[in-house]
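Undergrad: Input file: final.pdb. Contents: PDB, C-alpha atoms.
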ATOM      1  CA  MET F   1      87.628 102.272  76.584  1.00  0.00           C
ATOM      2  CA  ALA F   2      87.889 102.860  80.317  1.00  0.00           C
ATOM      3  CA  LEU F   3      90.633 104.946  81.816  1.00  0.00           C
ATOM      4  CA  GLN F   4      91.469 104.168  85.403  1.00  0.00           C
ATOM      5  CA  ILE F   5      93.336 106.693  87.480  1.00  0.00           C
ATOM      6  CA  SER F   6      94.996 105.066  90.442  1.00  0.00           C
ATOM      7  CA  CYS F   7      95.501 108.205  92.471  1.00  0.00           C
ATOM      8  CA  LEU F   8      93.663 111.463  91.944  1.00  0.00           C
ATOM      9  CA  LEU F   9      95.459 114.397  93.483  1.00  0.00           C
ATOM     10  CA  ILE F  10      94.169 117.898  93.573  1.00  0.00           C
ATOM     11  CA  LEU F  11      96.820 120.161  94.997  1.00  0.00           C
ATOM     12  CA  THR F  12      95.686 123.705  95.587  1.00  0.00           C
ATOM     13  CA  GLY F  13      98.476 126.140  96.298  1.00  0.00           C
ATOM     14  CA  LEU F  14     101.365 126.103  98.701  1.00  0.00           C
ATOM     15  CA  THR F  15     100.969 127.669 102.094  1.00  0.00           C
ATOM     16  CA  GLY F  16     103.593 128.457 104.677  1.00  0.00           C
ATOM     17  CA  ILE F  17     102.872 128.453 108.389  1.00  0.00           C
ATOM     18  CA  PHE F  18     105.997 129.501 110.224  1.00  0.00           C
ATOM     19  CA  SER F  19     108.948 128.066 108.285  1.00  0.00           C
ATOM     20  CA  ILE F  20     107.402 125.061 106.523  1.00  0.00           C
ATOM     21  CA  SER F  21     105.741 125.133 103.085  1.00  0.00           C
ATOM     22  CA  ILE F  22     103.184 122.552 102.029  1.00  0.00           C
ATOM     23  CA  VAL F  23     100.058 122.021  99.925  1.00  0.00           C
ATOM     24  CA  LYS F  24      96.831 123.010 101.715  1.00  0.00           C
ATOM     25  CA  ARG F  25      94.420 120.417 100.362  1.00  0.00           C
ATOM     26  CA  VAL F  26      94.940 116.954  98.962  1.00  0.00           C
ATOM     27  CA  THR F  27      92.149 114.884  97.444  1.00  0.00           C
ATOM     28  CA  VAL F  28      92.742 111.162  96.992  1.00  0.00           C
ATOM     29  CA  LYS F  29      90.852 107.983  96.270  1.00  0.00           C
ATOM     30  CA  ALA F  30      90.366 105.546  99.158  1.00  0.00           C
ATOM     31  CA  GLY F  31      92.583 102.474  98.740  1.00  0.00           C
ATOM     32  CA  ASP F  32      95.387 104.426  97.073  1.00  0.00           C
ATOM     33  CA  SER F  33      98.557 105.977  98.480  1.00  0.00           C
ATOM     34  CA  VAL F  34      99.624 109.595  98.749  1.00  0.00           C
ATOM     35  CA  SER F  35     102.995 111.274  99.325  1.00  0.00           C
ATOM     36  CA  ILE F  36     103.152 114.848 100.620  1.00  0.00           C
ATOM     37  CA  PRO F  37     106.373 116.888 100.319  1.00  0.00           C
ATOM     38  CA  CYS F  38     107.032 119.265 103.231  1.00  0.00           C
ATOM     39  CA  LEU F  39     109.626 121.966 102.496  1.00  0.00           C
ATOM     40  CA  TYR F  40     111.549 123.492 105.397  1.00  0.00           C
ATOM     41  CA  GLU F  41     114.176 126.151 106.089  1.00  0.00           C
ATOM     42  CA  ALA F  42     117.876 125.282 106.363  1.00  0.00           C
ATOM     43  CA  LYS F  43     117.855 125.953 110.125  1.00  0.00           C
ATOM     44  CA  TYR F  44     115.769 122.761 110.560  1.00  0.00           C
ATOM     45  CA  LYS F  45     118.152 120.495 108.653  1.00  0.00           C
ATOM     46  CA  ASN F  46     119.151 118.407 111.703  1.00  0.00           C
ATOM     47  CA  HIS F  47     115.812 118.506 113.563  1.00  0.00           C
ATOM     48  CA  VAL F  48     113.375 115.592 113.919  1.00  0.00           C
ATOM     49  CA  LYS F  49     110.471 115.866 111.464  1.00  0.00           C
ATOM     50  CA  TYR F  50     107.093 114.195 111.915  1.00  0.00           C
ATOM     51  CA  LEU F  51     103.518 113.821 110.684  1.00  0.00           C
ATOM     52  CA  CYS F  52     100.637 114.237 113.092  1.00  0.00           C
ATOM     53  CA  LYS F  53      96.874 113.947 112.697  1.00  0.00           C
ATOM     54  CA  GLY F  54      94.082 116.067 114.156  1.00  0.00           C
ATOM     55  CA  TRP F  55      93.137 119.727 114.360  1.00  0.00           C
ATOM     56  CA  TYR F  56      93.083 120.598 118.078  1.00  0.00           C
ATOM     57  CA  HIS F  57      95.067 117.669 119.422  1.00  0.00           C
ATOM     58  CA  CYS F  58      97.710 116.599 116.950  1.00  0.00           C
ATOM     59  CA  SER F  59      98.710 112.967 117.531  1.00  0.00           C
ATOM     60  CA  SER F  60     102.101 111.975 116.103  1.00  0.00           C
ATOM     61  CA  ILE F  61     101.900 109.200 113.504  1.00  0.00           C
ATOM     62  CA  VAL F  62     105.442 108.850 112.182  1.00  0.00           C
ATOM     63  CA  LYS F  63     108.795 110.541 112.961  1.00  0.00           C
ATOM     64  CA  THR F  64     112.166 110.619 111.259  1.00  0.00           C
ATOM     65  CA  SER F  65     113.662 109.421 114.560  1.00  0.00           C
ATOM     66  CA  GLN F  66     111.556 106.239 114.495  1.00  0.00           C
ATOM     67  CA  GLN F  67     111.086 103.293 112.178  1.00  0.00           C
ATOM     68  CA  ASN F  68     108.436 103.599 109.454  1.00  0.00           C
ATOM     69  CA  SER F  69     105.363 101.373 109.434  1.00  0.00           C
ATOM     70  CA  GLN F  70     103.787  99.744 106.381  1.00  0.00           C
ATOM     71  CA  ARG F  71     101.006 102.358 106.235  1.00  0.00           C
ATOM     72  CA  PHE F  72     102.890 105.501 107.279  1.00  0.00           C
ATOM     73  CA  SER F  73     106.400 106.465 106.279  1.00  0.00           C
ATOM     74  CA  ILE F  74     108.589 109.549 106.336  1.00  0.00           C
ATOM     75  CA  SER F  75     111.893 110.361 104.641  1.00  0.00           C
ATOM     76  CA  ASP F  76     114.109 113.437 104.942  1.00  0.00           C
ATOM     77  CA  GLU F  77     116.183 114.752 102.033  1.00  0.00           C
ATOM     78  CA  LYS F  78     118.332 117.177 104.037  1.00  0.00           C
ATOM     79  CA  GLU F  79     120.243 118.602 101.077  1.00  0.00           C
ATOM     80  CA  GLN F  80     116.971 119.490  99.312  1.00  0.00           C
ATOM     81  CA  ARG F  81     115.387 120.606 102.634  1.00  0.00           C
ATOM     82  CA  VAL F  82     112.256 118.545 102.099  1.00  0.00           C
ATOM     83  CA  PHE F  83     110.773 115.696 104.064  1.00  0.00           C
ATOM     84  CA  THR F  84     108.121 113.505 102.501  1.00  0.00           C
ATOM     85  CA  VAL F  85     105.320 111.748 104.341  1.00  0.00           C
ATOM     86  CA  THR F  86     103.533 108.830 102.695  1.00  0.00           C
ATOM     87  CA  ILE F  87     100.240 107.203 103.660  1.00  0.00           C
ATOM     88  CA  ASN F  88      99.522 103.837 102.026  1.00  0.00           C
ATOM     89  CA  ASN F  89      96.198 102.055 101.540  1.00  0.00           C
ATOM     90  CA  LEU F  90      94.098 105.087 102.445  1.00  0.00           C
ATOM     91  CA  THR F  91      90.739 104.539 104.147  1.00  0.00           C
ATOM     92  CA  ASN F  92      87.866 106.936 104.797  1.00  0.00           C
ATOM     93  CA  GLU F  93      89.097 107.184 108.416  1.00  0.00           C
ATOM     94  CA  ASP F  94      92.346 108.696 107.081  1.00  0.00           C
ATOM     95  CA  MET F  95      90.454 111.671 105.638  1.00  0.00           C
ATOM     96  CA  ASP F  96      91.258 114.338 108.216  1.00  0.00           C
ATOM     97  CA  ASP F  97      93.502 117.269 109.132  1.00  0.00           C
ATOM     98  CA  TYR F  98      97.262 116.648 109.245  1.00  0.00           C
ATOM     99  CA  TRP F  99     100.365 118.617 110.075  1.00  0.00           C
ATOM    100  CA  CYS F 100     103.909 118.349 108.752  1.00  0.00           C
ATOM    101  CA  ALA F 101     105.972 119.354 111.745  1.00  0.00           C
ATOM    102  CA  VAL F 102     109.506 119.968 112.970  1.00  0.00           C
ATOM    103  CA  GLU F 103     110.496 119.396 116.610  1.00  0.00           C
ATOM    104  CA  ILE F 104     111.906 122.496 118.265  1.00  0.00           C
ATOM    105  CA  ASN F 105     113.521 121.655 121.600  1.00  0.00           C
ATOM    106  CA  GLY F 106     112.193 123.845 124.394  1.00  0.00           C
ATOM    107  CA  GLN F 107     109.807 125.745 122.104  1.00  0.00           C
ATOM    108  CA  VAL F 108     106.580 125.234 120.190  1.00  0.00           C
ATOM    109  CA  ASP F 109     107.133 122.963 117.183  1.00  0.00           C
ATOM    110  CA  ASP F 110     106.859 124.484 113.713  1.00  0.00           C
ATOM    111  CA  LYS F 111     103.925 122.993 111.792  1.00  0.00           C
ATOM    112  CA  ALA F 112     102.171 123.342 108.446  1.00  0.00           C
ATOM    113  CA  HIS F 113      98.597 122.128 108.013  1.00  0.00           C
ATOM    114  CA  PHE F 114      97.010 120.203 105.147  1.00  0.00           C
ATOM    115  CA  HIS F 115      93.627 118.545 104.774  1.00  0.00           C
ATOM    116  CA  LEU F 116      93.254 115.105 103.233  1.00  0.00           C
ATOM    117  CA  SER F 117      89.876 114.340 101.669  1.00  0.00           C
ATOM    118  CA  ALA F 118      88.427 111.604  99.500  1.00  0.00           C
ATOM    119  CA  SER F 119      87.571 112.177  95.870  1.00  0.00           C
ATOM    120  CA  GLY F 120      83.813 112.234  95.604  1.00  0.00           C
ATOM    121  CA  ASN F 121      81.834 112.054  98.810  1.00  0.00           C
ATOM    122  CA  PRO F 122      83.126 109.271 101.106  1.00  0.00           C
ATOM    123  CA  TYR F 123      79.999 109.429 103.246  1.00  0.00           C
ATOM    124  CA  LEU F 124      77.493 108.683 100.472  1.00  0.00           C
ATOM    125  CA  TYR F 125      77.377 105.696  98.166  1.00  0.00           C
ATOM    126  CA  VAL F 126      74.974 103.790  95.953  1.00  0.00           C
ATOM    127  CA  ASP F 127      74.296 100.065  96.102  1.00  0.00           C
ATOM    128  CA  ASP F 128      75.182  99.489  92.427  1.00  0.00           C
ATOM    129  CA  GLN F 129      77.655 101.515  90.370  1.00  0.00           C
ATOM    130  CA  TRP F 130      76.377 100.067  87.083  1.00  0.00           C
ATOM    131  CA  ILE F 131      72.824  99.104  86.270  1.00  0.00           C
ATOM    132  CA  THR F 132      71.871  97.203  83.136  1.00  0.00           C
ATOM    133  CA  ALA F 133      68.345  97.755  81.905  1.00  0.00           C
ATOM    134  CA  TYR F 134      66.301  97.447  78.761  1.00  0.00           C
ATOM    135  CA  GLU F 135      63.869  99.965  77.412  1.00  0.00           C
ATOM    136  CA  GLY F 136      60.728  99.931  79.528  1.00  0.00           C
ATOM    137  CA  ASP F 137      62.437  98.322  82.564  1.00  0.00           C
ATOM    138  CA  ASN F 138      62.041  99.864  86.011  1.00  0.00           C
ATOM    139  CA  ILE F 139      65.266 101.066  87.632  1.00  0.00           C
ATOM    140  CA  THR F 140      65.695 101.586  91.390  1.00  0.00           C
ATOM    141  CA  ILE F 141      68.674 103.522  92.736  1.00  0.00           C
ATOM    142  CA  LYS F 142      69.352 103.546  96.470  1.00  0.00           C
ATOM    143  CA  CYS F 143      71.736 106.025  98.116  1.00  0.00           C
ATOM    144  CA  PHE F 144      73.199 105.137 101.534  1.00  0.00           C
ATOM    145  CA  ASN F 145      75.177 107.077 104.129  1.00  0.00           C
ATOM    146  CA  HIS F 146      78.421 105.766 105.657  1.00  0.00           C
ATOM    147  CA  TYR F 147      76.472 104.286 108.598  1.00  0.00           C
ATOM    148  CA  GLY F 148      74.631 102.020 106.157  1.00  0.00           C
ATOM    149  CA  GLY F 149      71.288 103.808 106.410  1.00  0.00           C
ATOM    150  CA  LEU F 150      69.147 104.353 103.343  1.00  0.00           C
ATOM    151  CA  ILE F 151      68.803 108.109 102.868  1.00  0.00           C
ATOM    152  CA  TRP F 152      67.323 108.352  99.392  1.00  0.00           C
ATOM    153  CA  MET F 153      65.718 106.078  96.831  1.00  0.00           C
ATOM    154  CA  ASP F 154      64.351 106.806  93.385  1.00  0.00           C
ATOM    155  CA  LYS F 155      62.639 104.644  90.818  1.00  0.00           C
ATOM    156  CA  TRP F 156      62.621 105.326  87.102  1.00  0.00           C
ATOM    157  CA  ASN F 157      60.752 103.984  84.154  1.00  0.00           C
ATOM    158  CA  LYS F 158      62.510 105.819  81.337  1.00  0.00           C
ATOM    159  CA  SER F 159      63.288 105.022  77.740  1.00  0.00           C
ATOM    160  CA  VAL F 160      66.850 104.015  77.008  1.00  0.00           C
ATOM    161  CA  HIS F 161      68.470 106.260  74.388  1.00  0.00           C
ATOM    162  CA  HIS F 162      71.422 105.270  72.241  1.00  0.00           C
TER
END
Starting from the coordinates I provided, produce the structure as structure tokens.

TA:
Amino acid sequence: MALQISCLLILTGLTGIFSISIVKRVTVKAGDSVSIPCLYEAKYKNHVKYLCKGWYHCSSIVKTSQQNSQRFSISDEKEQRVFTVTINNLTNEDMDDYWCAVEINGQVDDKAHFHLSASGNPYLYVDDQWITAYEGDNITIKCFNHYGGLIWMDKWNKSVHH
């Protein structure tokens, strides 16, 4: 019996940079969705919150002052002091550094960093996930990188064990 997990999350600890608390690392499966809660102090209750992507240059993706898109959304529960960012239909290009942030007029915005990564290795894949063979058959497994280049190939002629 196969068990399919639609979204694998590995959340490792909360970290606070300035006045925002958030998970540090999130691991998800490409094609799924993820929601990240960003906790903030009461003093930020009426500030604009946003999600931005990138380590050195953080490009804003979605803000509470703007309309959500189908792929990126944000909601602010002011009484609970948490805003939640959601990314739908994740791709390998989404695996990057992100910041939950609060706009501070006239000052540097408060931000908390998290890293989004794919479960497994998104840059390596095999041509066939399942291979059917009979005892004595030759099996060839090819491993490719994300640019489509063959980086490893192995052939086996092994006995099938039950």

Undergrad: Residues at most 9 Å from region 30-43 of chain F, counting only C-alpha atoms, excluding those fewer than 4 positions away in the same chain, as a PyMOL selection string?

TA: chain F and resi 6-9+19-23+26+47+71+78-92+94-95+100-102+112+118-119+122

Undergrad: Restricted to C-alpha atoms, what would the selected residues look like written as an mmCIF file, keeping the file's coordinate frame?

TA:
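Once everything was written out, this is out.cif:
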data_model
loop_
_atom_site.group_PDB
_atom_site.id
_atom_site.type_symbol
_atom_site.label_atom_id
_atom_site.label_comp_id
_atom_site.auth_asym_id
_atom_site.auth_seq_id
_atom_site.Cartn_x
_atom_site.Cartn_y
_atom_site.Cartn_z
ATOM 1 C CA SER F 6 94.996 105.066 90.442
ATOM 2 C CA CYS F 7 95.501 108.205 92.471
ATOM 3 C CA LEU F 8 93.663 111.463 91.944
ATOM 4 C CA LEU F 9 95.459 114.397 93.483
ATOM 5 C CA SER F 19 108.948 128.066 108.285
ATOM 6 C CA ILE F 20 107.402 125.061 106.523
ATOM 7 C CA SER F 21 105.741 125.133 103.085
ATOM 8 C CA ILE F 22 103.184 122.552 102.029
ATOM 9 C CA VAL F 23 100.058 122.021 99.925
ATOM 10 C CA VAL F 26 94.940 116.954 98.962
ATOM 11 C CA HIS F 47 115.812 118.506 113.563
ATOM 12 C CA ARG F 71 101.006 102.358 106.235
ATOM 13 C CA LYS F 78 118.332 117.177 104.037
ATOM 14 C CA GLU F 79 120.243 118.602 101.077
ATOM 15 C CA GLN F 80 116.971 119.490 99.312
ATOM 16 C CA ARG F 81 115.387 120.606 102.634
ATOM 17 C CA VAL F 82 112.256 118.545 102.099
ATOM 18 C CA PHE F 83 110.773 115.696 104.064
ATOM 19 C CA THR F 84 108.121 113.505 102.501
ATOM 20 C CA VAL F 85 105.320 111.748 104.341
ATOM 21 C CA THR F 86 103.533 108.830 102.695
ATOM 22 C CA ILE F 87 100.240 107.203 103.660
ATOM 23 C CA ASN F 88 99.522 103.837 102.026
ATOM 24 C CA ASN F 89 96.198 102.055 101.540
ATOM 25 C CA LEU F 90 94.098 105.087 102.445
ATOM 26 C CA THR F 91 90.739 104.539 104.147
ATOM 27 C CA ASN F 92 87.866 106.936 104.797
ATOM 28 C CA ASP F 94 92.346 108.696 107.081
ATOM 29 C CA MET F 95 90.454 111.671 105.638
ATOM 30 C CA CYS F 100 103.909 118.349 108.752
ATOM 31 C CA ALA F 101 105.972 119.354 111.745
ATOM 32 C CA VAL F 102 109.506 119.968 112.970
ATOM 33 C CA ALA F 112 102.171 123.342 108.446
ATOM 34 C CA ALA F 118 88.427 111.604 99.500
ATOM 35 C CA SER F 119 87.571 112.177 95.870
ATOM 36 C CA PRO F 122 83.126 109.271 101.106
#

Undergrad: Please compute the CA of His115 (chain F)-CA of Arg25 (chain F) distance, one decimal, in Å.

TA: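 Atom-to-atom, CA of His115 (chain F) and CA of Arg25 (chain F) are spaced 4.9 Å apart.
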
Undergrad: Near Ile74 (chain F), counting all atoms listed in the file, which residues have an atom at most 9 Å away, once you skip same-chain residues fewer than 2 positions from it, shown as a list in words?

TA: Lys49, Tyr50, Leu51, Val62, Lys63, Thr64, Gln67, Asn68, Phe72, Asp76, Phe83, Thr84, Val85 and Thr86 of chain F

Undergrad: So that I can check the surroundings of Lys53 (chain F), please list as a PyMOL selection string every protein, DNA and RNA residue that reaches within 9 Å of it, counting only C-alpha atoms and ignoring chain neighbours fewer than 3 positions away.

TA: chain F and resi 57-61+94+96-99

Undergrad: One decimal, in Å: what's the spacing between CA of Thr27 (chain F) and CA of Tyr44 (chain F)?

TA: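 Straight-line distance from CA of Thr27 (chain F) to CA of Tyr44 (chain F) works out to 28.1 Å.
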
Undergrad: CA of Val108 (chain F) and CA of Tyr56 (chain F) are how many Å apart?

TA: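 So the two atoms, CA of Val108 (chain F) and CA of Tyr56 (chain F), lie 14.4 Å apart.
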